[in-house]
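Structure file input.pdb; described as PDB, C-alpha atoms.
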ATOM      1  CA  MET F 215     -12.752   9.262 -16.083
ATOM      2  CA  GLU F 216     -10.621   7.726 -13.338
ATOM      3  CA  ALA F 217     -12.537   5.512 -10.894
ATOM      4  CA  ILE F 218     -12.324   2.451  -8.686
ATOM      5  CA  THR F 219     -14.731  -0.303  -9.717
ATOM      6  CA  TYR F 220     -15.527  -3.898  -8.807
ATOM      7  CA  GLU F 221     -17.596  -6.513 -10.646
ATOM      8  CA  GLN F 222     -17.952  -9.193  -7.969
ATOM      9  CA  PHE F 223     -18.004  -9.475  -4.199
ATOM     10  CA  GLY F 224     -14.751 -10.325  -2.463
ATOM     11  CA  GLY F 225     -11.611  -9.036  -0.788
ATOM     12  CA  PRO F 226      -9.576  -5.925  -1.673
ATOM     13  CA  GLU F 227      -8.241  -7.699  -4.741
ATOM     14  CA  VAL F 228     -11.594  -7.242  -6.549
ATOM     15  CA  LEU F 229     -11.095  -3.462  -6.635
ATOM     16  CA  ARG F 230      -9.833  -2.209  -9.989
ATOM     17  CA  HIS F 231      -8.355   1.189 -10.820
ATOM     18  CA  GLU F 232      -9.689   2.241 -14.225
ATOM     19  CA  THR F 233      -9.273   5.330 -16.377
ATOM     20  CA  GLY F 234     -11.948   4.844 -19.044
ATOM     21  CA  VAL F 235     -15.090   4.900 -16.907
ATOM     22  CA  PRO F 236     -17.926   6.982 -18.442
ATOM     23  CA  VAL F 237     -18.570  10.350 -16.802
ATOM     24  CA  PRO F 238     -22.076  10.345 -15.234
ATOM     25  CA  GLU F 239     -24.637  12.876 -16.439
ATOM     26  CA  PRO F 240     -26.882  14.603 -13.878
ATOM     27  CA  ILE F 241     -30.647  14.199 -14.207
ATOM     28  CA  GLY F 242     -33.519  15.632 -12.178
ATOM     29  CA  GLY F 243     -32.295  17.630  -9.206
ATOM     30  CA  ALA F 244     -28.850  16.020  -9.060
ATOM     31  CA  VAL F 245     -25.556  17.811  -9.562
ATOM     32  CA  ARG F 246     -22.285  16.443 -10.870
ATOM     33  CA  VAL F 247     -19.216  17.190  -8.784
ATOM     34  CA  LYS F 248     -15.520  16.985  -9.522
ATOM     35  CA  VAL F 249     -14.451  15.017  -6.480
ATOM     36  CA  ALA F 250     -11.621  16.478  -4.393
ATOM     37  CA  ALA F 251     -11.747  14.097  -1.414
ATOM     38  CA  VAL F 252     -13.488  10.854  -0.487
ATOM     39  CA  GLY F 253     -14.153   9.507   2.995
ATOM     40  CA  VAL F 254     -13.334   5.798   3.450
ATOM     41  CA  ASN F 255     -15.786   4.015   5.759
ATOM     42  CA  PRO F 256     -16.182   0.478   7.154
ATOM     43  CA  VAL F 257     -19.402   0.156   5.156
ATOM     44  CA  ASP F 258     -17.274   0.388   1.996
ATOM     45  CA  TYR F 259     -15.521  -2.936   2.597
ATOM     46  CA  LYS F 260     -18.737  -4.491   3.948
ATOM     47  CA  ARG F 261     -20.455  -3.594   0.682
ATOM     48  CA  ARG F 262     -17.500  -5.007  -1.237
ATOM     49  CA  TYR F 263     -17.977  -8.334   0.551
ATOM     50  CA  GLY F 264     -21.742  -8.269  -0.068
ATOM     51  CA  TRP F 265     -22.526  -8.171   3.645
ATOM     52  CA  VAL F 266     -24.968  -5.234   3.600
ATOM     53  CA  GLU F 267     -27.104  -5.955   0.548
ATOM     54  CA  ALA F 268     -30.244  -5.433   2.650
ATOM     55  CA  PHE F 269     -29.243  -1.774   3.023
ATOM     56  CA  TYR F 270     -27.264  -1.241  -0.196
ATOM     57  CA  PRO F 271     -28.250  -3.492  -3.134
ATOM     58  CA  THR F 272     -25.353  -3.676  -5.578
ATOM     59  CA  THR F 273     -25.475  -3.330  -9.344
ATOM     60  CA  PHE F 274     -22.238  -4.334 -11.080
ATOM     61  CA  PRO F 275     -19.951  -2.800 -12.111
ATOM     62  CA  ALA F 276     -20.031  -0.831  -8.861
ATOM     63  CA  VAL F 277     -18.105   2.235  -7.699
ATOM     64  CA  PRO F 278     -17.559   2.314  -3.893
ATOM     65  CA  GLY F 279     -17.922   5.282  -1.605
ATOM     66  CA  LEU F 280     -20.699   7.238   0.064
ATOM     67  CA  GLU F 281     -19.236  10.605   1.045
ATOM     68  CA  PHE F 282     -17.362  13.270  -0.869
ATOM     69  CA  ALA F 283     -16.220  16.855  -0.982
ATOM     70  CA  GLY F 284     -15.769  18.610  -4.302
ATOM     71  CA  THR F 285     -16.759  21.302  -6.779
ATOM     72  CA  VAL F 286     -20.058  21.390  -8.675
ATOM     73  CA  ASP F 287     -19.279  20.684 -12.331
ATOM     74  CA  ALA F 288     -22.714  20.356 -13.946
ATOM     75  CA  LEU F 289     -26.380  20.717 -12.969
ATOM     76  CA  GLY F 290     -29.386  18.493 -13.575
ATOM     77  CA  PRO F 291     -32.351  20.263 -15.204
ATOM     78  CA  ASP F 292     -34.211  20.516 -11.878
ATOM     79  CA  ALA F 293     -31.283  21.457  -9.632
ATOM     80  CA  THR F 294     -31.893  24.685  -7.719
ATOM     81  CA  GLY F 295     -30.025  26.795  -5.175
ATOM     82  CA  VAL F 296     -26.619  25.757  -6.461
ATOM     83  CA  ALA F 297     -24.279  26.873  -9.250
ATOM     84  CA  VAL F 298     -21.390  25.435 -11.221
ATOM     85  CA  GLY F 299     -18.211  26.175  -9.281
ATOM     86  CA  ASP F 300     -19.797  25.901  -5.818
ATOM     87  CA  GLU F 301     -17.782  23.928  -3.270
ATOM     88  CA  VAL F 302     -19.971  21.288  -1.602
ATOM     89  CA  PHE F 303     -19.781  18.124   0.474
ATOM     90  CA  GLY F 304     -22.258  15.324   1.051
ATOM     91  CA  TRP F 305     -23.481  11.955  -0.249
ATOM     92  CA  THR F 306     -23.071  10.528  -3.731
ATOM     93  CA  THR F 307     -25.592   8.479  -5.685
ATOM     94  CA  THR F 308     -23.045   7.015  -8.125
ATOM     95  CA  GLY F 309     -20.066   6.202  -5.869
ATOM     96  CA  ALA F 310     -17.436   8.580  -4.544
ATOM     97  CA  TYR F 311     -14.251   6.664  -5.473
ATOM     98  CA  ALA F 312     -14.170   8.471  -8.793
ATOM     99  CA  GLU F 313     -13.040  11.624 -10.538
ATOM    100  CA  TYR F 314     -16.681  12.705 -10.981
ATOM    101  CA  ALA F 315     -19.834  11.718  -9.090
ATOM    102  CA  LEU F 316     -23.498  12.664  -8.893
ATOM    103  CA  ALA F 317     -25.058  13.973  -5.703
ATOM    104  CA  GLU F 318     -28.515  14.956  -4.497
ATOM    105  CA  VAL F 319     -27.827  15.385  -0.772
ATOM    106  CA  TYR F 320     -25.134  17.997  -0.148
ATOM    107  CA  ALA F 321     -24.391  21.307   1.563
ATOM    108  CA  PRO F 322     -21.984  24.208   0.976
ATOM    109  CA  LYS F 323     -18.457  23.442   2.169
ATOM    110  CA  PRO F 324     -17.387  25.952   4.833
ATOM    111  CA  ALA F 325     -14.347  27.910   3.685
ATOM    112  CA  GLY F 326     -12.486  27.043   6.876
ATOM    113  CA  LEU F 327     -12.465  23.305   6.165
ATOM    114  CA  THR F 328     -10.002  21.402   4.008
ATOM    115  CA  TRP F 329     -11.369  19.022   1.398
ATOM    116  CA  ALA F 330     -10.321  16.054   3.545
ATOM    117  CA  GLN F 331     -12.052  17.452   6.630
ATOM    118  CA  ALA F 332     -15.269  18.132   4.728
ATOM    119  CA  ALA F 333     -15.297  14.625   3.242
ATOM    120  CA  SER F 334     -14.972  13.198   6.761
ATOM    121  CA  ILE F 335     -18.250  14.675   8.003
ATOM    122  CA  PRO F 336     -21.244  13.130   6.173
ATOM    123  CA  VAL F 337     -21.241   9.484   7.321
ATOM    124  CA  ALA F 338     -19.849   9.969  10.822
ATOM    125  CA  GLY F 339     -22.011  13.027  11.459
ATOM    126  CA  GLU F 340     -25.214  11.447  10.150
ATOM    127  CA  THR F 341     -24.624   8.179  12.001
ATOM    128  CA  ALA F 342     -23.749   9.818  15.303
ATOM    129  CA  GLN F 343     -26.662  12.277  15.158
ATOM    130  CA  ARG F 344     -29.163   9.613  14.050
ATOM    131  CA  VAL F 345     -28.303   7.270  16.914
ATOM    132  CA  LEU F 346     -28.260  10.019  19.554
ATOM    133  CA  ASP F 347     -31.707  11.088  18.345
ATOM    134  CA  LEU F 348     -32.973   7.484  18.410
ATOM    135  CA  LEU F 349     -31.747   7.221  21.989
ATOM    136  CA  GLY F 350     -33.517  10.442  22.890
ATOM    137  CA  LEU F 351     -30.424  11.564  24.786
ATOM    138  CA  ARG F 352     -31.162  14.540  27.012
ATOM    139  CA  GLU F 353     -29.132  17.121  28.866
ATOM    140  CA  GLY F 354     -27.931  15.778  32.206
ATOM    141  CA  GLU F 355     -28.109  12.102  31.186
ATOM    142  CA  THR F 356     -25.190   9.680  31.129
ATOM    143  CA  LEU F 357     -24.302   7.938  27.865
ATOM    144  CA  LEU F 358     -22.112   4.847  27.609
ATOM    145  CA  LEU F 359     -20.414   4.840  24.194
ATOM    146  CA  HIS F 360     -18.665   1.658  23.075
ATOM    147  CA  GLY F 361     -15.907   2.285  20.525
ATOM    148  CA  ALA F 362     -15.661   5.937  21.498
ATOM    149  CA  ALA F 363     -12.266   6.570  19.888
ATOM    150  CA  GLY F 364     -13.364   5.528  16.387
ATOM    151  CA  VAL F 365     -14.456   8.051  13.792
ATOM    152  CA  VAL F 366     -18.198   7.723  14.474
ATOM    153  CA  GLY F 367     -17.608   7.320  18.199
ATOM    154  CA  SER F 368     -15.458  10.435  18.518
ATOM    155  CA  VAL F 369     -18.024  12.549  16.652
ATOM    156  CA  ALA F 370     -20.805  11.120  18.847
ATOM    157  CA  VAL F 371     -18.788  11.945  21.980
ATOM    158  CA  GLN F 372     -18.494  15.572  20.920
ATOM    159  CA  LEU F 373     -22.160  15.913  19.916
ATOM    160  CA  ALA F 374     -23.338  14.312  23.167
ATOM    161  CA  VAL F 375     -21.057  16.472  25.311
ATOM    162  CA  ALA F 376     -22.235  19.566  23.431
ATOM    163  CA  ALA F 377     -25.814  18.515  24.237
ATOM    164  CA  GLY F 378     -25.022  18.493  27.956
ATOM    165  CA  ALA F 379     -24.639  14.747  28.513
ATOM    166  CA  THR F 380     -21.959  12.942  30.506
ATOM    167  CA  VAL F 381     -20.170  10.465  28.237
ATOM    168  CA  ILE F 382     -18.413   7.299  29.391
ATOM    169  CA  GLY F 383     -16.335   6.054  26.464
ATOM    170  CA  THR F 384     -14.807   2.583  26.095
ATOM    171  CA  ALA F 385     -11.452   2.421  24.330
ATOM    172  CA  SER F 386      -7.965   0.976  24.606
ATOM    173  CA  GLU F 387      -5.623   2.635  27.110
ATOM    174  CA  ALA F 388      -3.712   4.259  24.246
ATOM    175  CA  ASN F 389      -6.821   6.308  23.359
ATOM    176  CA  HIS F 390      -7.802   7.454  26.850
ATOM    177  CA  ALA F 391      -5.998  10.801  26.709
ATOM    178  CA  TYR F 392      -7.643  11.489  23.341
ATOM    179  CA  LEU F 393     -11.115  10.787  24.754
ATOM    180  CA  ARG F 394     -10.468  13.045  27.724
ATOM    181  CA  SER F 395      -9.542  15.820  25.298
ATOM    182  CA  LEU F 396     -12.982  15.386  23.672
ATOM    183  CA  GLY F 397     -14.752  15.642  27.011
ATOM    184  CA  ALA F 398     -15.434  11.950  27.698
ATOM    185  CA  ILE F 399     -14.593   9.814  30.722
ATOM    186  CA  PRO F 400     -12.580   6.887  29.302
ATOM    187  CA  VAL F 401     -12.758   3.303  30.534
ATOM    188  CA  ALA F 402     -10.950   0.238  29.219
ATOM    189  CA  TYR F 403     -13.055  -2.389  27.491
ATOM    190  CA  GLY F 404     -12.849  -6.115  28.242
ATOM    191  CA  ASP F 405     -13.461  -8.242  31.338
ATOM    192  CA  GLY F 406     -14.741  -6.292  34.320
ATOM    193  CA  LEU F 407     -16.228  -3.515  32.183
ATOM    194  CA  ALA F 408     -19.429  -3.271  34.221
ATOM    195  CA  GLY F 409     -17.445  -2.567  37.383
ATOM    196  CA  ARG F 410     -15.294   0.075  35.724
ATOM    197  CA  VAL F 411     -18.315   1.822  34.231
ATOM    198  CA  GLY F 412     -20.067   1.679  37.608
ATOM    199  CA  ALA F 413     -17.078   3.356  39.270
ATOM    200  CA  ALA F 414     -16.924   6.037  36.565
ATOM    201  CA  ALA F 415     -20.680   6.657  36.605
ATOM    202  CA  PRO F 416     -22.027   5.937  40.113
ATOM    203  CA  GLN F 417     -25.209   7.745  39.088
ATOM    204  CA  GLY F 418     -25.872   4.969  36.558
ATOM    205  CA  VAL F 419     -26.103   4.774  32.775
ATOM    206  CA  ASP F 420     -29.172   6.149  31.008
ATOM    207  CA  ALA F 421     -28.401   5.148  27.413
ATOM    208  CA  VAL F 422     -25.883   3.127  25.384
ATOM    209  CA  PHE F 423     -24.513   3.827  21.901
ATOM    210  CA  ASP F 424     -22.654   0.770  20.608
ATOM    211  CA  ALA F 425     -20.186   1.568  17.834
ATOM    212  CA  ALA F 426     -17.930  -1.417  18.597
ATOM    213  CA  GLY F 427     -20.070  -4.555  18.353
ATOM    214  CA  HIS F 428     -17.745  -6.957  20.177
ATOM    215  CA  ASP F 429     -19.823  -8.713  22.884
ATOM    216  CA  THR F 430     -21.078  -5.331  24.049
ATOM    217  CA  LEU F 431     -24.810  -5.935  24.304
ATOM    218  CA  PRO F 432     -25.172  -8.157  27.417
ATOM    219  CA  VAL F 433     -23.163  -5.759  29.590
ATOM    220  CA  SER F 434     -25.038  -2.814  28.074
ATOM    221  CA  ILE F 435     -28.379  -4.345  29.046
ATOM    222  CA  GLU F 436     -27.039  -4.960  32.558
ATOM    223  CA  LEU F 437     -25.801  -1.381  32.943
ATOM    224  CA  THR F 438     -29.097   0.172  31.840
ATOM    225  CA  GLY F 439     -31.059  -2.066  34.197
ATOM    226  CA  GLY F 440     -32.664  -3.888  31.285
ATOM    227  CA  ALA F 441     -33.849  -0.748  29.490
ATOM    228  CA  LYS F 442     -33.286  -2.161  25.999
ATOM    229  CA  GLU F 443     -35.140   0.730  24.382
ATOM    230  CA  ARG F 444     -32.269   3.012  25.450
ATOM    231  CA  ILE F 445     -29.628   0.926  23.629
ATOM    232  CA  VAL F 446     -28.802   1.255  19.921
ATOM    233  CA  THR F 447     -26.025  -0.508  18.024
ATOM    234  CA  ILE F 448     -24.505   0.190  14.622
ATOM    235  CA  ALA F 449     -22.066  -2.718  14.834
ATOM    236  CA  ALA F 450     -23.380  -5.781  16.734
ATOM    237  CA  PRO F 451     -24.523  -8.556  14.359
ATOM    238  CA  ASP F 452     -26.424 -10.270  17.212
ATOM    239  CA  ALA F 453     -28.612  -7.237  17.988
ATOM    240  CA  GLU F 454     -31.863  -9.010  17.108
ATOM    241  CA  GLU F 455     -31.049 -11.916  19.430
ATOM    242  CA  HIS F 456     -30.826  -9.489  22.342
ATOM    243  CA  GLY F 457     -33.861  -7.407  21.373
ATOM    244  CA  ILE F 458     -31.710  -4.368  20.619
ATOM    245  CA  VAL F 459     -32.233  -1.875  17.773
ATOM    246  CA  PHE F 460     -29.647  -2.117  14.982
ATOM    247  CA  SER F 461     -29.478   1.176  13.113
ATOM    248  CA  GLY F 462     -28.028   1.070   9.604
ATOM    249  CA  VAL F 463     -27.320   4.057   7.378
ATOM    250  CA  THR F 464     -30.662   5.356   6.112
ATOM    251  CA  VAL F 465     -30.153   8.856   4.786
ATOM    252  CA  ASP F 466     -33.218  11.080   5.090
ATOM    253  CA  PRO F 467     -32.452  13.903   2.592
ATOM    254  CA  PRO F 468     -33.944  16.901   4.461
ATOM    255  CA  LEU F 469     -32.448  15.810   7.792
ATOM    256  CA  ALA F 470     -29.120  14.906   6.199
ATOM    257  CA  ARG F 471     -28.834  18.353   4.586
ATOM    258  CA  THR F 472     -29.588  20.020   7.912
ATOM    259  CA  TRP F 473     -27.024  17.886   9.725
ATOM    260  CA  LEU F 474     -24.396  18.488   7.036
ATOM    261  CA  THR F 475     -24.832  22.229   7.439
ATOM    262  CA  THR F 476     -24.794  22.098  11.247
ATOM    263  CA  HIS F 477     -21.841  19.732  11.558
ATOM    264  CA  GLY F 478     -19.891  21.593   8.873
ATOM    265  CA  ARG F 479     -20.363  24.848  10.753
ATOM    266  CA  MET F 480     -19.331  23.212  14.044
ATOM    267  CA  ALA F 481     -16.180  21.817  12.434
ATOM    268  CA  ALA F 482     -15.261  25.154  10.848
ATOM    269  CA  GLU F 483     -15.692  26.869  14.211
ATOM    270  CA  GLY F 484     -13.521  24.299  15.975
ATOM    271  CA  ARG F 485     -16.405  22.822  17.969
ATOM    272  CA  LEU F 486     -16.196  19.467  16.156
ATOM    273  CA  ARG F 487     -12.778  17.886  15.724
ATOM    274  CA  LEU F 488     -12.166  15.681  12.696
ATOM    275  CA  GLY F 489      -8.923  13.761  12.916
ATOM    276  CA  ILE F 490      -7.411  12.627   9.599
ATOM    277  CA  ALA F 491      -5.399   9.449  10.085
ATOM    278  CA  GLU F 492      -3.988   9.129   6.561
ATOM    279  CA  THR F 493      -4.657  10.171   2.963
ATOM    280  CA  PHE F 494      -4.150   8.060  -0.163
ATOM    281  CA  PRO F 495      -4.262   8.648  -3.922
ATOM    282  CA  LEU F 496      -7.357   7.102  -5.502
ATOM    283  CA  LYS F 497      -5.372   4.256  -7.075
ATOM    284  CA  GLU F 498      -4.470   3.029  -3.570
ATOM    285  CA  ALA F 499      -8.107   2.538  -2.551
ATOM    286  CA  ALA F 500      -7.574  -1.175  -1.886
ATOM    287  CA  ARG F 501      -4.822  -0.385   0.632
ATOM    288  CA  ALA F 502      -7.044   2.176   2.339
ATOM    289  CA  GLN F 503      -9.881  -0.345   2.626
ATOM    290  CA  GLU F 504      -7.501  -2.982   4.017
ATOM    291  CA  LEU F 505      -6.409  -0.526   6.688
ATOM    292  CA  SER F 506     -10.036   0.336   7.453
ATOM    293  CA  GLU F 507     -10.894  -3.342   7.764
ATOM    294  CA  SER F 508      -8.031  -3.911  10.199
ATOM    295  CA  GLY F 509      -9.896  -1.815  12.759
ATOM    296  CA  HIS F 510      -6.699  -0.277  14.115
ATOM    297  CA  VAL F 511      -7.112   3.276  12.873
ATOM    298  CA  ARG F 512      -7.810   6.378  14.948
ATOM    299  CA  GLY F 513      -9.053   9.082  12.671
ATOM    300  CA  LYS F 514     -10.372   9.216   9.149
ATOM    301  CA  LEU F 515      -8.920   7.581   6.057
ATOM    302  CA  VAL F 516      -9.346   9.795   2.976
ATOM    303  CA  LEU F 517      -8.801   9.276  -0.741
ATOM    304  CA  LEU F 518      -7.677  12.209  -2.873
ATOM    305  CA  PRO F 519      -8.605  11.668  -6.564
TER     306      PRO F 519
END

Written as structure tokens, how would this file's structure read?
Amino acid sequence: MEAITYEQFGGPEVLRHETGVPVPEPIGGAVRVKVAAVGVNPVDYKRRYGWVEAFYPTTFPAVPGLEFAGTVDALGPDATGVAVGDEVFGWTTTGAYAEYALAEVYAPKPAGLTWAQAASIPVAGETAQRVLDLLGLREGETLLLHGAAGVVGSVAVQLAVAAGATVIGTASEANHAYLRSLGAIPVAYGDGLAGRVGAAAPQGVDAVFDAAGHDTLPVSIELTGGAKERIVTIAAPDAEEHGIVFSGVTVDPPLARTWLTTHGRMAAEGRLRLGIAETFPLKEAARAQELSESGHVRGKLVLLP
């Protein structure tokens, strides 16, 4: 089958487009899917560099990619509640940058979503929901969200607003109109941030979701009045130094299936917007990862095998 593989850690040049990769066979409760779309995430290039081995130990040769949308092609002997031909989206166990992949955590793809939209939900939806739950965000509270215009940030904005929270989102000026359209109050990041947030939220900040990681923690601690337990980061490498929780991707299967179903329904009903920045053929995976690593993308990057 066609797949992207790599056999050592390094830059985009270690990614290889191959056509003779063995097709995986489903065992246990897994299903095999013919992949129609793959979501490209920052964790993909971080894994390629070997930066997140604590979360994702690598066995070479490796196939990148966590999230997919596609059609069930074969069933493991213990798979239940699903049939060959079903359209699903979710998380792979064998790597999504491939023509075929195995999956154990998935949900039915709503008919109203394109393949690219469905493949954009799993990681951003799980990450945003997990952090909001860790923060214990409640209706009527004010959330400061660093990196609000990114893929995870924009999903978190929408989920928090839907939950009845006020969201202050940091972003560049070019993304302020976009954040307003999602229901957030935008503020520019950089020097003087505390003052700008204070003006936008005179009632104070109850919780902070950091999806940016660029010197965001000291000002976050200041704005919450030192309430470190109400700050969670998914991006700051110095979290431990500041006594802040760093939350990495840790998929809990039952919860992940529930969130996939809920977020998929919200997206199909137009209550969760999923912007697609650009799509690429599978053989251009290295270019997609380079663009992801640049950090200058608004919306999701998607591979189409």

- With distances taken over all atoms listed in the file, the candidate from F:Gly404, F:Gly304, F:Val365, F:Leu349 nearest F:Ile458 is F:Leu349

Using 6 Å of padding on each side, determine the axis-aligned box around all atoms of stretch 231-241 of chain F present in the file and give its centre and edge lengths in Å to one decimal, as lines of an AutoDock Vina configuration file.
center_x = -19.5
center_y = 7.9
center_z = -14.9
size_x = 34.3
size_y = 25.4
size_z = 20.2

Go through stretch 331-354 of chain F and flag each residue having an atom no more than 10 Å from stretch 374-389 of chain F; for those, report the closest pair of atoms plus their distance in Å to one decimal, using only C-alpha atoms, ordered by chain and rising number, as a tab-separated table.
residue	atom	partner	partner_atom	distance
F:Ala342	CA	F:Ala374	CA	9.1
F:Gln343	CA	F:Ala374	CA	8.9
F:Leu346	CA	F:Ala374	CA	7.5
F:Leu351	CA	F:Ala379	CA	7.6
F:Arg352	CA	F:Ala379	CA	6.7
F:Glu353	CA	F:Gly378	CA	4.4
F:Gly354	CA	F:Ala379	CA	5.1

- Message: I'd like to see the residues matched by the PyMOL selection byres ((chain F and resi 433-449) around 9) on this file, and ideally I'd get them as JSON, numbers by chain.
- Response: {"F": [341, 345, 346, 348, 349, 350, 351, 358, 407, 408, 411, 412, 418, 419, 420, 421, 422, 423, 424, 425, 426, 427, 428, 429, 430, 431, 432, 450, 451, 453, 456, 457, 458, 459, 460, 461, 462, 463]}

- Task: Check what the PyMOL selection byres ((chain F and resi 314) around 8) selects in the file above and give those residues as a VMD selection string.
- Result: chain F and resid 215 237 to 238 246 to 249 310 312 to 313 315 to 316

- Message: With the PyMOL selection byres ((chain F and resi 230-234) around 7) as the selection, what would be picked from this file? Answer as a ChimeraX atom specification, please.
- Response: /F:215-220,228-229,235-236,497

- Item | Atom pair atom CA of F:Thr475 / atom CA of F:Thr306: separation (Å) |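 A separation of 16.3 Å between them.
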
- Counting all atoms listed in the file, figure out which residue out of F:Val366, F:Pro271, F:Glu498, F:Glu492 gets nearest to F:Leu515.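 Of the candidates, the smallest distance to F:Leu515 is held by F:Glu492.
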
- Message: Give me, as a PyMOL selection string, all polymer residues having an atom no more than 12 Å from F:Lys260, counting only C-alpha atoms and skipping those fewer than 6 positions away in the same chain.
- Response: chain F and resi 223-226+254+266-272+278-279+449+503-504+506-507

Please complete stretch 482-498 of chain F with N, CA and C atoms and give it back as a short mmCIF file (atom, residue, chain, number, x, y, z; two decimals), in the frame of the given file.
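Contents of selection_29.cif, as written:
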data_model
loop_
_atom_site.label_atom_id
_atom_site.label_comp_id
_atom_site.auth_asym_id
_atom_site.auth_seq_id
_atom_site.Cartn_x
_atom_site.Cartn_y
_atom_site.Cartn_z
N ALA F 482 -15.97 23.94 11.26
CA ALA F 482 -15.26 25.15 10.85
C ALA F 482 -14.99 26.07 12.03
N GLU F 483 -15.86 26.03 13.02
CA GLU F 483 -15.69 26.87 14.21
C GLU F 483 -14.84 26.21 15.28
N GLY F 484 -14.36 24.99 15.02
CA GLY F 484 -13.52 24.30 15.98
C GLY F 484 -14.27 23.59 17.08
N ARG F 485 -15.60 23.48 16.94
CA ARG F 485 -16.40 22.82 17.97
C ARG F 485 -16.62 21.34 17.68
N LEU F 486 -16.13 20.88 16.52
CA LEU F 486 -16.20 19.47 16.16
C LEU F 486 -14.87 19.10 15.52
N ARG F 487 -14.11 18.26 16.20
CA ARG F 487 -12.78 17.89 15.72
C ARG F 487 -12.86 16.67 14.81
N LEU F 488 -12.16 16.75 13.69
CA LEU F 488 -12.17 15.68 12.70
C LEU F 488 -10.72 15.25 12.43
N GLY F 489 -10.30 14.22 13.09
CA GLY F 489 -8.92 13.76 12.92
C GLY F 489 -8.74 12.99 11.62
N ILE F 490 -7.74 13.35 10.83
CA ILE F 490 -7.41 12.63 9.60
C ILE F 490 -6.24 11.70 9.90
N ALA F 491 -6.46 10.41 9.79
CA ALA F 491 -5.40 9.45 10.09
C ALA F 491 -4.39 9.37 8.95
N GLU F 492 -4.89 9.29 7.71
CA GLU F 492 -3.99 9.13 6.56
C GLU F 492 -4.76 9.43 5.28
N THR F 493 -4.06 9.95 4.28
CA THR F 493 -4.66 10.17 2.96
C THR F 493 -3.93 9.30 1.93
N PHE F 494 -4.68 8.94 0.88
CA PHE F 494 -4.15 8.06 -0.16
C PHE F 494 -4.58 8.60 -1.53
N PRO F 495 -3.77 8.38 -2.58
CA PRO F 495 -4.26 8.65 -3.92
C PRO F 495 -5.35 7.63 -4.26
N LEU F 496 -6.22 7.97 -5.18
CA LEU F 496 -7.36 7.10 -5.50
C LEU F 496 -6.92 5.70 -5.89
N LYS F 497 -5.81 5.58 -6.61
CA LYS F 497 -5.37 4.26 -7.08
C LYS F 497 -4.99 3.32 -5.93
N GLU F 498 -4.81 3.86 -4.72
CA GLU F 498 -4.47 3.03 -3.57
C GLU F 498 -5.69 2.76 -2.68
#
